[in-house]
Amino acid sequence: MEQAEWLRIFLIHERTIELAAQVPSHTALPAEYSIRPACEGDLLSVFELLRPFVEQRKVLRRTRAEISAMLLTGFVAELAGEVIGFSAVEIYSKKLSEIQCLTVNPEHQGKGIGGALVRHCVELARQRGVMEVMAISASEKFLHDLGFDYALPDQKRALFFQLRSRDEVYRELELLGE
Ligand SMILES: CC(C)(COP(=O)(O)OP(=O)(O)OC[C@H]1O[C@@H](n2cnc3c(N)ncnc32)[C@H](O)[C@@H]1OP(=O)(O)O)[C@@H](O)C(=O)NCCC(=O)NCCS
């Protein structure tokens, strides 16, 4: 494989935008839905929730260990005790955190659950004193409506320098049992 192929600059189609100072006010969720902090016991439900989205390549593949770690700073949405949505905020440093694994079961989309999950994640990052929250989504409008905006208004896209293929890294992680 040519070096250029390995060292290409990776421009993602989804755009990466970062949090503006304020999270806009919002309408309440329908009463039958609730959101709570995730716990260890949610691992399997969250894994199963994510599976079809991963297969459709709408969210990135994760190991169980990664999902397990995300439960510590994640939230689940429930309907009658069943997990129908999930999102986590991965806190990299005091400067940067990222919304991860945002998913809502298709039967329950469009009711404000995705937005509510993001707001919970943002609030947690705020409580931890983090400077910015980054999010990647296919829908720019969805994130804008939640108060996200470009950190550098003239430089609208985030560029990634991909050093190794995701498949290769995940094969390794799986061999390590993660
Ligand atoms: C993104 C997602 C979590 C939103 O969940 P949700 O519960 O439907 O979100 P809400 O009801 O709070 O908001 C829906 C709004 O966002 C818009 N929206 C959300 N995702 C969208 C997308 N991929 N393309 C276009 N619009 C989208 C909807 O049109 C709607 O806008 P409206 O209120 O003006 O009609 C859900 O669509 C989903 O699980 N998508 C698949 C996984 C994914 O793409 N995750 C994000 C990548 S990390």
# chains A, B, ... in the order shown; residues from 1 in each chain; ligands from 1
$ residues_around --residues "Ser68 in chain A" --least-positions-apart "3" --cutoff "7 Å" --atoms "only C-alpha atoms" --output "PyMOL selection string"
chain A and resi 40+43+64-65+71
$ write_last_selection --atoms "C-alpha atoms" --output "PDB file, in the first residue's frame"
ATOM      1  CA  GLU A  40     -22.760  -1.221  34.867  1.00  0.00           C
ATOM      2  CA  LEU A  43     -23.831  -2.900  29.334  1.00  0.00           C
ATOM      3  CA  ARG A  64     -17.356  -4.038  25.215  1.00  0.00           C
ATOM      4  CA  ALA A  65     -14.562  -2.552  27.318  1.00  0.00           C
ATOM      5  CA  LEU A  71     -21.227   3.940  30.988  1.00  0.00           C
TER       6      LEU A  71
END
$ residues_near_ligand --ligand "ligand 1" --cutoff "6 Å" --atoms "only C-alpha atoms and all ligand atoms" --output "NGL selection string"
:A and (58-59 or 100-104 or 109-115 or 136-139 or 142)
$ closest_residue --among "A:Gln56, A:Cys121, A:Ala158, A:Thr63" --to "Arg171 in chain A" --atoms "only C-alpha atoms"
A:Thr63
$ atom_distance --atom1 "CA of Met131 in chain A" --atom2 "CA of Glu90 in chain A"
13.0 Å
$ closest_residue --among "A:Phe160, A:Tyr92, A:Phe53, A:Phe148" --to "Met70 in chain A" --atoms "only C-alpha atoms"
A:Tyr92
$ select_by_dssp --residues "range 10-137 of chain A" --states "helix (DSSP H, G or I)" --output "short mmCIF file (atom, residue, chain, number, x, y, z; two decimals) with C-alpha atoms, in the first residue's frame"
data_model
loop_
_atom_site.label_atom_id
_atom_site.label_comp_id
_atom_site.auth_asym_id
_atom_site.auth_seq_id
_atom_site.Cartn_x
_atom_site.Cartn_y
_atom_site.Cartn_z
CA GLU A 40 -22.76 -1.22 34.87
CA GLY A 41 -25.92 -3.30 34.47
CA ASP A 42 -26.77 -1.43 31.25
CA LEU A 43 -23.83 -2.90 29.33
CA LEU A 44 -25.76 -5.54 27.42
CA SER A 45 -28.75 -3.31 26.64
CA VAL A 46 -26.49 -0.55 25.35
CA PHE A 47 -24.43 -3.01 23.32
CA GLU A 48 -27.64 -4.34 21.71
CA LEU A 49 -28.98 -0.83 21.12
CA LEU A 50 -25.78 0.13 19.30
CA ARG A 51 -25.44 -3.07 17.25
CA PRO A 52 -27.78 -2.20 14.32
CA PHE A 53 -26.36 1.33 14.07
CA VAL A 54 -22.85 -0.09 13.93
CA GLU A 55 -23.93 -2.56 11.23
CA ARG A 64 -17.36 -4.04 25.21
CA ALA A 65 -14.56 -2.55 27.32
CA GLU A 66 -15.01 0.82 25.60
CA ILE A 67 -18.76 0.77 26.13
CA SER A 68 -18.24 -0.29 29.71
CA ALA A 69 -15.98 2.73 30.25
CA MET A 70 -18.51 5.02 28.59
CA LEU A 71 -21.23 3.94 30.99
CA LEU A 72 -19.37 5.90 33.68
CA THR A 73 -20.15 9.18 31.92
CA PRO A 106 -35.70 4.26 15.44
CA GLU A 107 -39.19 3.56 16.85
CA HIS A 108 -38.66 6.36 19.37
CA ILE A 113 -34.88 11.97 23.27
CA GLY A 114 -31.62 12.40 21.32
CA GLY A 115 -31.55 16.09 22.20
CA ALA A 116 -32.25 15.38 25.86
CA LEU A 117 -29.43 12.82 26.00
CA VAL A 118 -26.99 15.32 24.52
CA ARG A 119 -28.09 17.99 27.02
CA HIS A 120 -27.42 15.59 29.91
CA CYS A 121 -23.94 14.88 28.56
CA VAL A 122 -23.21 18.57 28.12
CA GLU A 123 -24.37 19.26 31.66
CA LEU A 124 -22.08 16.55 33.04
CA ALA A 125 -19.13 18.02 31.15
CA ARG A 126 -20.03 21.45 32.51
CA GLN A 127 -20.13 20.08 36.07
#
$ select_by_dssp --residues "range 50-88 of chain A" --states "strand (DSSP E)" --output "MDAnalysis selection string"
chainID A and resid 74:79 82:88
$ write_last_selection --atoms "C-alpha atoms" --output "CSV table (one decimal), in the first residue's frame"
chain,number,residue,atom,x,y,z
A,74,GLY,CA,-23.2,8.1,30.0
A,75,PHE,CA,-27.0,8.3,30.1
A,76,VAL,CA,-29.7,6.0,29.1
A,77,ALA,CA,-33.2,6.8,27.9
A,78,GLU,CA,-35.9,4.4,29.1
A,79,LEU,CA,-39.4,3.5,28.3
A,82,GLU,CA,-36.4,-0.7,28.5
A,83,VAL,CA,-33.3,1.1,27.3
A,84,ILE,CA,-34.2,2.9,24.0
A,85,GLY,CA,-31.5,5.5,23.9
A,86,PHE,CA,-27.9,6.1,24.9
A,87,SER,CA,-25.2,8.8,24.8
A,88,ALA,CA,-22.0,9.3,26.7
$ closest_residue --among "A:Ile91, A:Leu159, A:Leu146, A:Leu152" --to "Arg128 in chain A" --atoms "only C-alpha atoms"
A:Ile91
